[in-house]
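Participant: Provided herewith: my_file28.cif, mmCIF, C-alpha atoms.
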```cif
data_coords
loop_
_atom_site.label_atom_id
_atom_site.label_comp_id
_atom_site.auth_asym_id
_atom_site.auth_seq_id
_atom_site.Cartn_x
_atom_site.Cartn_y
_atom_site.Cartn_z
CA MET A 4 -58.81 -1.78 45.88
CA GLN A 5 -58.35 -5.21 44.32
CA PRO A 6 -55.26 -7.19 45.26
CA ASN A 7 -54.28 -7.49 41.58
CA GLU A 8 -54.35 -3.76 41.13
CA SER A 9 -52.10 -3.18 44.13
CA GLU A 10 -49.59 -5.67 42.74
CA HIS A 11 -49.70 -3.90 39.40
CA LEU A 12 -49.00 -0.57 41.07
CA LYS A 13 -46.12 -2.09 42.99
CA ASP A 14 -44.57 -3.43 39.73
CA ALA A 15 -44.88 -0.13 37.90
CA PRO A 16 -41.67 1.48 39.18
CA ARG A 17 -39.85 -1.84 38.66
CA ALA A 18 -41.01 -1.91 35.02
CA ALA A 19 -39.93 1.68 34.54
CA GLY A 20 -36.52 0.76 35.93
CA ALA A 21 -36.33 -2.19 33.56
CA ILE A 22 -37.12 0.06 30.61
CA ASP A 23 -34.46 2.50 31.79
CA GLY A 24 -31.98 -0.37 32.09
CA ARG A 25 -32.76 -1.59 28.58
CA ALA A 26 -32.38 1.91 27.19
CA LEU A 27 -29.12 2.30 29.06
CA ALA A 28 -27.84 -1.03 27.69
CA ARG A 29 -28.94 -0.05 24.19
CA ALA A 30 -27.16 3.30 24.51
CA LYS A 31 -24.04 1.57 25.80
CA ARG A 32 -24.12 -0.93 22.94
CA GLU A 33 -24.56 1.91 20.47
CA GLN A 34 -21.66 3.77 22.03
CA MET A 35 -19.46 0.67 21.80
CA ARG A 36 -20.47 0.16 18.18
CA ARG A 37 -19.58 3.74 17.37
CA ARG A 38 -16.28 3.37 19.19
CA ALA A 39 -15.47 0.18 17.26
CA ALA A 40 -16.34 1.83 13.96
CA ARG A 41 -14.07 4.74 14.84
CA ILE A 42 -11.20 2.37 15.65
CA ARG A 43 -11.72 0.49 12.37
CA ARG A 44 -11.76 3.76 10.43
CA THR A 45 -8.57 4.90 12.19
CA VAL A 46 -6.79 1.62 11.43
CA ALA A 47 -7.93 1.69 7.79
CA ALA A 48 -6.76 5.29 7.41
CA GLY A 49 -3.48 4.51 9.17
CA GLY A 50 -2.88 1.46 6.97
CA THR A 51 -3.62 3.42 3.80
CA GLY A 52 -1.38 6.25 4.96
CA LEU A 53 1.39 3.78 5.71
CA PHE A 54 1.07 2.24 2.25
CA VAL A 55 1.07 5.64 0.53
CA ALA A 56 4.11 6.78 2.54
CA ALA A 57 5.99 3.59 1.71
CA PHE A 58 4.99 3.89 -1.96
CA LEU A 59 6.22 7.48 -2.16
CA GLY A 60 9.42 6.61 -0.33
CA VAL A 61 10.24 3.73 -2.67
CA TYR A 62 9.18 5.80 -5.71
CA VAL A 63 11.46 8.70 -4.77
CA GLN A 64 14.30 6.30 -4.00
CA LEU A 65 13.88 4.69 -7.42
CA ALA A 66 13.49 7.98 -9.28
CA SER A 67 16.56 9.52 -7.64
CA GLY A 68 18.65 6.57 -8.76
CA ASN A 69 19.35 5.26 -5.26
CA ASP A 70 17.31 2.10 -5.48
CA PRO A 71 19.36 -0.78 -4.02
CA ALA A 72 18.21 -3.33 -6.61
CA LEU A 73 18.81 -1.09 -9.63
CA VAL A 74 22.16 0.15 -8.28
CA ALA A 75 23.26 -3.46 -7.75
CA ALA A 76 22.12 -4.37 -11.27
CA ALA A 77 23.93 -1.34 -12.73
CA ARG A 78 27.09 -2.28 -10.81
CA ARG A 79 26.90 -5.82 -12.11
CA SER A 80 26.43 -4.68 -15.71
CA SER A 81 29.20 -2.06 -15.46
CA ALA A 82 31.56 -4.63 -13.98
CA ALA A 83 30.72 -6.99 -16.83
CA SER A 84 31.21 -4.27 -19.46
CA GLY A 85 34.43 -3.16 -17.73
CA LEU A 86 35.72 -6.70 -17.89
CA THR A 87 34.91 -6.88 -21.60
CA ALA A 88 36.51 -3.48 -22.24
CA SER A 89 39.68 -4.36 -20.33
CA THR A 90 39.96 -7.64 -22.24
CA SER A 91 39.62 -5.84 -25.56
CA ALA A 92 42.05 -3.16 -24.39
CA THR A 93 44.63 -5.78 -23.45
CA ALA A 94 44.24 -7.32 -26.87
CA LYS A 95 44.66 -3.90 -28.49
CA LYS A 96 47.70 -3.13 -26.33
CA SER A 97 49.38 -6.36 -27.31
CA LYS A 98 48.56 -5.58 -30.93
CA ALA A 99 50.01 -2.09 -30.54
CA SER A 100 53.17 -3.30 -28.87
CA THR A 101 53.66 -5.78 -31.70
CA ALA A 102 53.18 -2.98 -34.19
CA ALA A 103 55.52 -0.68 -32.25
CA LYS A 104 58.20 -3.33 -32.07
CA SER A 105 58.34 -3.34 -35.83
CA SER A 106 58.87 0.47 -36.00
CA GLY A 107 62.29 1.15 -34.43
CA ASP A 108 62.38 4.40 -32.30
CA ALA A 109 58.78 4.21 -31.15
CA THR A 110 59.44 0.83 -29.62
CA THR A 111 62.28 2.13 -27.47
CA THR A 112 60.28 5.11 -26.19
CA SER A 113 57.15 3.15 -25.37
CA SER A 114 58.97 0.44 -23.50
CA SER A 115 60.96 2.92 -21.43
CA SER A 116 58.37 5.51 -20.41
CA GLY A 117 54.77 4.27 -20.78
CA SER A 118 51.66 4.93 -22.75
CA SER A 119 51.54 8.74 -22.65
CA GLU A 120 55.02 8.94 -24.09
CA VAL A 121 54.00 6.58 -26.82
CA SER A 122 51.30 9.01 -27.82
CA GLY A 123 53.88 11.78 -27.85
CA THR A 124 56.33 10.06 -30.13
CA ALA A 125 53.80 8.14 -32.10
CA THR A 126 52.47 11.07 -34.07
CA SER A 127 55.93 12.12 -35.17
CA SER A 128 57.13 8.69 -36.11
CA GLY A 129 54.42 7.54 -38.52
CA SER A 130 51.35 5.49 -39.14
CA SER A 131 52.25 2.36 -37.20
CA ALA A 132 52.97 4.40 -34.07
CA GLY A 133 49.68 6.23 -34.61
CA GLU A 134 47.97 2.95 -33.95
CA ALA A 135 49.90 2.68 -30.73
CA SER A 136 48.65 6.07 -29.50
CA THR A 137 45.05 5.11 -30.17
CA ALA A 138 45.53 1.86 -28.36
CA SER A 139 47.04 3.49 -25.30
CA SER A 140 44.24 6.01 -24.99
CA ALA A 141 41.67 3.25 -25.38
CA GLY A 142 43.45 1.25 -22.72
CA GLU A 143 43.30 4.12 -20.27
CA GLU A 144 39.64 4.63 -20.95
CA SER A 145 38.84 1.01 -20.33
CA SER A 146 40.84 0.85 -17.12
CA SER A 147 39.05 3.89 -15.74
CA SER A 148 35.64 2.57 -16.72
CA SER A 149 36.35 -0.69 -14.93
CA THR A 150 36.63 1.23 -11.67
CA GLY A 151 33.00 2.20 -12.13
CA SER A 152 32.97 5.93 -11.31
CA GLU A 153 31.52 8.16 -13.98
CA SER A 154 33.58 11.22 -13.10
CA SER A 155 36.88 9.40 -13.39
CA THR A 156 35.87 8.09 -16.79
CA ALA A 157 35.06 11.60 -17.92
CA GLY A 158 38.33 12.89 -16.52
CA SER A 159 40.43 10.30 -18.22
CA THR A 160 38.68 10.86 -21.52
CA THR A 161 39.46 14.56 -21.31
CA SER A 162 43.08 13.91 -20.43
CA ASN A 163 43.34 11.52 -23.32
CA ALA A 164 41.98 14.18 -25.61
CA GLY A 165 44.48 16.59 -24.12
CA GLU A 166 47.26 14.19 -24.74
CA GLU A 167 46.25 13.74 -28.32
CA THR A 168 46.11 17.49 -28.85
CA SER A 169 49.45 18.12 -27.24
CA SER A 170 51.06 15.33 -29.17
CA SER A 171 49.68 16.52 -32.46
CA SER A 172 50.65 20.15 -31.85
CA SER A 173 54.15 19.37 -30.69
CA SER A 174 54.84 16.80 -33.30
CA THR A 175 58.20 18.21 -34.26
CA GLU A 176 59.49 18.37 -30.67
CA SER A 177 58.12 15.04 -29.61
CA SER A 178 61.47 13.64 -28.69
CA SER A 179 62.14 16.40 -26.13
CA PRO A 180 61.45 15.52 -22.47
CA SER A 181 59.40 18.73 -21.86
CA SER A 182 56.67 17.73 -24.24
CA VAL A 183 56.43 14.35 -22.55
CA THR A 184 55.99 15.95 -19.14
CA THR A 185 53.23 18.23 -20.45
CA SER A 186 51.30 15.39 -21.94
CA GLN A 187 51.58 13.36 -18.74
CA SER A 188 50.34 16.17 -16.59
CA MET B 16 26.13 13.39 -16.02
CA ASN B 17 24.27 12.86 -12.75
CA THR B 18 21.24 14.74 -14.01
CA LEU B 19 21.27 12.67 -17.14
CA GLY B 20 21.46 9.47 -15.09
CA ALA B 21 18.64 10.56 -12.80
CA THR B 22 16.47 11.49 -15.76
CA THR B 23 17.14 8.15 -17.39
CA ILE B 24 16.11 6.28 -14.23
CA ALA B 25 13.17 8.61 -13.57
CA THR B 26 11.69 7.85 -16.96
CA ALA B 27 12.17 4.16 -16.25
CA VAL B 28 10.00 4.27 -13.06
CA GLY B 29 6.80 3.65 -15.07
CA PRO B 30 7.42 -0.02 -15.83
CA HIS B 31 8.32 -0.59 -12.14
CA LEU B 32 5.00 0.65 -10.73
CA PHE B 33 3.73 -2.84 -9.89
CA TRP B 34 7.04 -3.62 -8.24
CA ILE B 35 6.93 -0.40 -6.20
CA THR B 36 3.33 -1.20 -5.20
CA SER B 37 4.36 -4.66 -4.07
CA ARG B 38 7.28 -3.34 -2.04
CA ALA B 39 5.17 -0.63 -0.42
CA ALA B 40 2.45 -3.15 0.43
CA GLY B 41 5.06 -5.48 1.90
CA ILE B 42 6.44 -2.72 4.12
CA ALA B 43 2.92 -1.77 5.21
CA ALA B 44 2.10 -5.43 5.92
CA LEU B 45 5.23 -5.81 8.03
CA ILE B 46 4.34 -2.82 10.21
CA LEU B 47 0.63 -3.66 10.42
CA SER B 48 1.26 -7.30 11.33
CA SER B 49 3.77 -6.31 13.99
CA ALA B 50 1.26 -3.85 15.45
CA SER B 51 -1.43 -6.51 15.34
CA VAL B 52 0.76 -9.05 17.17
CA CYS B 53 1.67 -6.36 19.70
CA VAL B 54 -1.99 -5.52 20.39
CA GLY B 55 -2.94 -9.20 20.44
CA LEU B 56 -0.32 -9.95 23.06
CA SER B 57 -1.36 -6.89 25.07
CA MET B 58 -4.97 -8.04 25.28
CA GLY B 59 -4.33 -10.07 28.40
CA ARG B 60 -2.79 -7.06 30.14
CA ARG B 61 -4.35 -3.96 31.59
CA ILE B 62 -3.50 -0.89 29.56
CA LYS B 63 -4.50 2.54 30.76
CA GLY B 64 -7.11 4.22 28.56
CA LEU B 65 -7.86 1.11 26.52
CA SER B 66 -10.52 -1.38 27.43
CA GLY B 67 -10.59 -5.05 26.45
CA PRO B 68 -13.19 -4.62 23.69
CA ASP B 69 -11.22 -1.71 22.23
CA LEU B 70 -8.08 -3.81 22.04
CA ARG B 71 -10.02 -6.68 20.48
CA VAL B 72 -11.48 -4.42 17.79
CA THR B 73 -8.05 -2.86 17.15
CA HIS B 74 -6.45 -6.31 16.89
CA GLU B 75 -9.12 -7.49 14.47
CA ALA B 76 -8.88 -4.36 12.31
CA LEU B 77 -5.08 -4.52 12.20
CA SER B 78 -5.18 -8.21 11.25
CA LEU B 79 -7.63 -7.57 8.41
CA ALA B 80 -5.54 -4.61 7.21
CA THR B 81 -2.46 -6.87 7.26
CA LEU B 82 -4.22 -9.49 5.14
CA ALA B 83 -5.34 -6.82 2.67
CA ALA B 84 -1.79 -5.46 2.42
CA LEU B 85 -0.44 -8.99 1.92
CA LEU B 86 -2.94 -9.60 -0.89
CA VAL B 87 -1.81 -6.39 -2.61
CA HIS B 88 1.84 -7.39 -1.99
CA GLY B 89 1.43 -10.75 -3.72
CA LEU B 90 -1.06 -9.92 -6.46
CA SER B 91 0.66 -6.74 -7.65
CA LEU B 92 3.77 -8.80 -8.41
CA ILE B 93 1.82 -10.58 -11.15
CA GLY B 94 1.80 -7.33 -13.12
CA ASP B 95 5.56 -6.84 -12.81
CA ALA B 96 7.16 -6.93 -16.26
CA TYR B 97 10.60 -8.02 -15.01
CA LEU B 98 9.65 -11.03 -12.86
CA HIS B 99 6.33 -11.70 -14.58
CA PRO B 100 5.25 -14.46 -12.17
CA SER B 101 2.07 -16.47 -12.60
CA LEU B 102 -0.66 -16.74 -9.96
CA ALA B 103 0.76 -20.15 -9.01
CA ASP B 104 4.23 -18.60 -8.55
CA VAL B 105 2.93 -16.16 -5.94
CA ALA B 106 0.36 -18.45 -4.31
CA ILE B 107 1.93 -21.91 -4.14
CA PRO B 108 5.17 -22.50 -2.23
CA PHE B 109 8.22 -23.92 -4.08
CA VAL B 110 6.75 -23.20 -7.54
CA SER B 111 8.50 -19.92 -8.31
CA SER B 112 12.07 -20.21 -9.63
CA TYR B 113 13.00 -16.76 -8.28
CA LYS B 114 14.68 -17.11 -4.86
CA THR B 115 12.58 -20.19 -4.24
CA PHE B 116 13.31 -20.59 -0.52
CA TRP B 117 12.61 -16.99 0.51
CA THR B 118 9.57 -16.69 -1.76
CA SER B 119 8.15 -19.92 -0.36
CA THR B 120 8.75 -18.67 3.18
CA GLY B 121 6.63 -15.62 2.42
CA ILE B 122 3.86 -17.65 0.78
CA ILE B 123 3.70 -20.09 3.70
CA ALA B 124 3.63 -17.16 6.14
CA PHE B 125 0.76 -15.56 4.21
CA TRP B 126 -1.38 -18.72 4.14
CA ALA B 127 -0.70 -19.40 7.80
CA LEU B 128 -1.64 -15.83 8.75
CA ALA B 129 -4.76 -15.94 6.59
CA LEU B 130 -5.99 -19.32 7.88
CA LEU B 131 -5.16 -18.70 11.53
CA GLY B 132 -6.46 -15.14 11.43
CA LEU B 133 -9.70 -15.82 9.61
CA SER B 134 -10.40 -18.88 11.76
CA TYR B 135 -11.57 -16.34 14.37
CA TYR B 136 -14.89 -16.13 12.51
CA ALA B 137 -15.31 -19.90 12.74
CA ARG B 138 -14.15 -20.28 16.35
CA ARG B 139 -17.53 -21.51 17.58
CA ARG B 140 -17.55 -24.22 14.95
CA ILE B 141 -13.93 -25.17 15.69
CA GLY B 142 -14.30 -24.90 19.43
CA VAL B 143 -12.98 -21.92 21.36
CA GLN B 144 -10.30 -23.86 23.24
CA LEU B 145 -8.93 -25.45 20.07
CA TRP B 146 -9.08 -22.10 18.28
CA LYS B 147 -7.10 -20.46 21.10
CA LYS B 148 -4.43 -23.14 20.81
CA LEU B 149 -4.27 -22.72 17.03
CA HIS B 150 -4.21 -18.94 17.25
CA ARG B 151 -0.90 -19.06 19.15
CA PHE B 152 0.80 -20.25 15.95
CA THR B 153 0.03 -16.87 14.35
CA ALA B 154 3.14 -15.53 16.08
CA LEU B 155 5.24 -18.15 14.27
CA ALA B 156 3.71 -17.15 10.93
CA TRP B 157 4.52 -13.52 11.73
CA ILE B 158 8.16 -14.45 12.49
CA LEU B 159 8.27 -16.37 9.19
CA GLY B 160 7.06 -13.22 7.43
CA ILE B 161 9.86 -11.18 9.03
CA VAL B 162 12.40 -13.80 7.92
CA HIS B 163 10.98 -13.53 4.38
CA SER B 164 11.27 -9.73 4.39
CA LEU B 165 14.86 -9.82 5.64
CA GLY B 166 15.87 -12.61 3.28
CA GLU B 167 14.23 -11.47 0.07
CA GLY B 168 13.26 -7.84 0.60
CA THR B 169 14.81 -5.44 -1.91
CA ASP B 170 15.39 -2.90 0.85
CA ALA B 171 16.59 -5.44 3.40
CA GLY B 172 20.16 -4.16 3.25
CA GLN B 173 19.13 -0.52 3.74
CA SER B 174 19.70 1.01 7.14
CA TRP B 175 16.30 2.78 7.16
CA PHE B 176 14.55 -0.54 6.53
CA LEU B 177 16.49 -2.31 9.27
CA ALA B 178 15.78 0.52 11.72
CA MET B 179 12.08 0.50 10.82
CA THR B 180 11.91 -3.28 11.17
CA ALA B 181 13.65 -3.10 14.54
CA ILE B 182 11.21 -0.45 15.80
CA ALA B 183 8.23 -2.47 14.58
CA VAL B 184 9.43 -5.91 15.59
CA ILE B 185 11.25 -5.54 18.92
CA PRO B 186 8.21 -4.58 21.12
CA PRO B 187 6.07 -7.56 20.04
CA LEU B 188 9.11 -9.83 20.35
CA ILE B 189 9.61 -8.67 23.94
CA LEU B 190 5.91 -9.25 24.65
CA LEU B 191 6.12 -12.67 23.02
CA ALA B 192 9.19 -13.59 25.04
CA THR B 193 7.45 -12.42 28.23
CA ARG B 194 4.39 -14.50 27.35
CA TRP B 195 6.48 -17.59 26.64
CA ALA B 196 8.57 -17.06 29.75
CA GLY B 197 5.37 -16.76 31.77
CA ARG B 198 4.09 -19.99 30.29
CA THR B 199 7.27 -21.97 30.78
CA ALA B 200 7.95 -20.68 34.32
CA PRO B 201 7.03 -23.22 37.02
CA ALA B 202 3.61 -22.50 38.51
CA ALA B 203 3.53 -21.28 42.11
CA PRO B 204 2.27 -23.90 44.56
CA ARG B 205 -1.42 -23.42 45.26
CA THR B 206 -1.41 -25.06 48.66
CA ALA B 207 -2.12 -22.93 51.68
CA ARG B 208 0.86 -21.31 53.25
CA THR B 209 1.96 -23.22 56.30
CA THR B 210 4.21 -22.03 59.02
CA PRO B 211 7.52 -23.84 59.00
CA SER B 212 7.83 -26.27 61.88
CA ARG B 213 11.01 -26.30 63.83
#
```
Could you quickly redo this structure as structure tokens?

Facilitator:
Amino acid sequence: MQPNESEHLKDAPRAAGAIDGRALARAKREQMRRRAARIRRTVAAGGTGLFVAAFLGVYVQLASGNDPALVAAARRSSAASGLTASTSATAKKSKASTAAKSSGDATTTSSSSGSSEVSGTATSSGSSAGEASTASSAGEESSSSSTGSESSTAGSTTSNAGEETSSSSSSTESSSPSSVTTSQS
Amino acid sequence: MNTLGATTIATAVGPHLFWITSRAAGIAALILSSASVCVGLSMGRRIKGLSGPDLRVTHEALSLATLAALLVHGLSLIGDAYLHPSLADVAIPFVSSYKTFWTSTGIIAFWALALLGLSYYARRRIGVQLWKKLHRFTALAWILGIVHSLGEGTDAGQSWFLAMTAIAVIPPLILLATRWAGRTAPAAPRTARTTPSR
């Protein structure tokens, strides 16, 4: 046997081991690559899911009317409109009181017992007091709208309508205290 | 009355789609960036079940996802009909007239995150040591982003948003504080222990 051949035979298992090592390293690298790809996919899916969840959350919040920005904007606009309405109502009230002052009995009643009583006596006493009743109901509406709650606005509108009805139906007995109590309640 | 109000607002959601997209992307970016900072700070520690390379890949993926979310957050605002900002308004600090300070804070945070984050791919050109020093400033950019979200965010006053931000932000803040405390603490003497002489 030649010395070269013997050396070659000795190296054979070492070469096989080296090949095994390379294959092992390649397999390990492949495994790491697959693991990295899986992590990237998970993060991408998680990020997309997070975005979709946030989108749906904000969308539902907006659609249900609970969005903080829109609610704040609505509050601001309602406050501004309430301010305008109350200013116009004050102007109307002053106009009405001036008109009522010129009409004798109606003036006394309105100054002693408030706006609802004005509406009670106004219908019976004539056209100038009719203006006063309209003004008082408008004033109530504007004051309730300035508070901002929709239900209270609706309630006050109904009560105003009620007052108008009661005052028009009991026009002959408008000076009696019972009719005044009914219209107030 | 309520139903009518809800219907009125529900029909008005359409024009706000870009705005909703921007808000959702901002929320996603906040959570993703916090997670990324958390993983980045954890990389020096031993965590059971997660190897170093896994954490590195997770950190990289989370950072890229954050940048993508931030791009969506800024670019989708351009389509918003109410604000209607230009590209310069959302890309250059102190250009937008809408809440200039908070908007600029967000823009600066985005550019800082993008430059410091993407510099990872040029770290050999920059020099690894210099890159490592620069990369520490990413935490500051992240904090700037949180300040932007709390200062300008539409949902910043909402309790769910504050709770979510706290859950996302507190763990990385603790890790950051620990890291800084570790850095600022005086180093233990490296000399050999000697027996005290009487």

Participant: State, in Å with one decimal place, the distance from atom CA of B:Thr73 to atom CA of A:Gly60.

Facilitator: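 Pair atom CA of B:Thr73 / atom CA of A:Gly60 returns 26.5 Å.
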
Participant: Please report the interatomic distance between atom CA of B:Ser91 and atom CA of B:Ala127 in Å with one decimal.

Facilitator: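 Atom CA of B:Ala127 lies at a distance of 20.0 Å from atom CA of B:Ser91.
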
Participant: Give as a VMD selection string the set of residues within 12 Å of the point (-5.7, 3.7, 8.6), where distances use the file's coordinates and all atoms listed in the file.

Facilitator: (chain A and resid 41 to 56) or (chain B and resid 43 47 73 76 to 77 79 to 81 84)

Participant: I'd like to see the residues matched by the PyMOL selection byres ((chain B and resi 175-190) around 12) on this file, and ideally I'd get them as an mmCIF file with C-alpha atoms, keeping the file's coordinate frame.

Facilitator:
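Result file selection00.cif:
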```cif
data_model
loop_
_atom_site.group_PDB
_atom_site.id
_atom_site.type_symbol
_atom_site.label_atom_id
_atom_site.label_comp_id
_atom_site.auth_asym_id
_atom_site.auth_seq_id
_atom_site.Cartn_x
_atom_site.Cartn_y
_atom_site.Cartn_z
ATOM 1 C CA ALA A 57 5.990 3.590 1.710
ATOM 2 C CA GLY A 60 9.420 6.610 -0.330
ATOM 3 C CA VAL A 61 10.240 3.730 -2.670
ATOM 4 C CA GLN A 64 14.300 6.300 -4.000
ATOM 5 C CA PRO A 71 19.360 -0.780 -4.020
ATOM 6 C CA ARG B 38 7.280 -3.340 -2.040
ATOM 7 C CA ALA B 39 5.170 -0.630 -0.420
ATOM 8 C CA GLY B 41 5.060 -5.480 1.900
ATOM 9 C CA ILE B 42 6.440 -2.720 4.120
ATOM 10 C CA ALA B 43 2.920 -1.770 5.210
ATOM 11 C CA ALA B 44 2.100 -5.430 5.920
ATOM 12 C CA LEU B 45 5.230 -5.810 8.030
ATOM 13 C CA ILE B 46 4.340 -2.820 10.210
ATOM 14 C CA LEU B 47 0.630 -3.660 10.420
ATOM 15 C CA SER B 48 1.260 -7.300 11.330
ATOM 16 C CA SER B 49 3.770 -6.310 13.990
ATOM 17 C CA ALA B 50 1.260 -3.850 15.450
ATOM 18 C CA SER B 51 -1.430 -6.510 15.340
ATOM 19 C CA VAL B 52 0.760 -9.050 17.170
ATOM 20 C CA CYS B 53 1.670 -6.360 19.700
ATOM 21 C CA VAL B 54 -1.990 -5.520 20.390
ATOM 22 C CA GLY B 55 -2.940 -9.200 20.440
ATOM 23 C CA LEU B 56 -0.320 -9.950 23.060
ATOM 24 C CA SER B 57 -1.360 -6.890 25.070
ATOM 25 C CA MET B 58 -4.970 -8.040 25.280
ATOM 26 C CA GLY B 59 -4.330 -10.070 28.400
ATOM 27 C CA ARG B 60 -2.790 -7.060 30.140
ATOM 28 C CA ALA B 154 3.140 -15.530 16.080
ATOM 29 C CA LEU B 155 5.240 -18.150 14.270
ATOM 30 C CA TRP B 157 4.520 -13.520 11.730
ATOM 31 C CA ILE B 158 8.160 -14.450 12.490
ATOM 32 C CA GLY B 160 7.060 -13.220 7.430
ATOM 33 C CA ILE B 161 9.860 -11.180 9.030
ATOM 34 C CA VAL B 162 12.400 -13.800 7.920
ATOM 35 C CA SER B 164 11.270 -9.730 4.390
ATOM 36 C CA LEU B 165 14.860 -9.820 5.640
ATOM 37 C CA GLY B 166 15.870 -12.610 3.280
ATOM 38 C CA GLY B 168 13.260 -7.840 0.600
ATOM 39 C CA THR B 169 14.810 -5.440 -1.910
ATOM 40 C CA ASP B 170 15.390 -2.900 0.850
ATOM 41 C CA ALA B 171 16.590 -5.440 3.400
ATOM 42 C CA GLY B 172 20.160 -4.160 3.250
ATOM 43 C CA GLN B 173 19.130 -0.520 3.740
ATOM 44 C CA SER B 174 19.700 1.010 7.140
ATOM 45 C CA LEU B 191 6.120 -12.670 23.020
ATOM 46 C CA ALA B 192 9.190 -13.590 25.040
ATOM 47 C CA THR B 193 7.450 -12.420 28.230
ATOM 48 C CA ARG B 194 4.390 -14.500 27.350
ATOM 49 C CA TRP B 195 6.480 -17.590 26.640
ATOM 50 C CA ALA B 196 8.570 -17.060 29.750
ATOM 51 C CA GLY B 197 5.370 -16.760 31.770
#
```

Participant: Quote the spacing between atom CA of B:Glu167 and atom CA of B:Trp117 in Å to one decimal place.

Facilitator: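 Value for the atom CA of B:Glu167-atom CA of B:Trp117 distance: 5.8 Å.
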
Participant: Might you spell out which residues the PyMOL selection byres ((chain B and resi 119-124) around 6) would select in the displayed file, as a PyMOL selection string?

Facilitator: chain B and resi 108-109+115-118+125-127+156+159-160+163

Participant: Nearest to chain B among A:Leu59, A:Ala26, A:Ala66, A:Val74, with distances taken over only C-alpha atoms: which residue is it?

Facilitator: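 Among A:Leu59, A:Ala26, A:Ala66, A:Val74, it is A:Ala66 that comes nearest to chain B.
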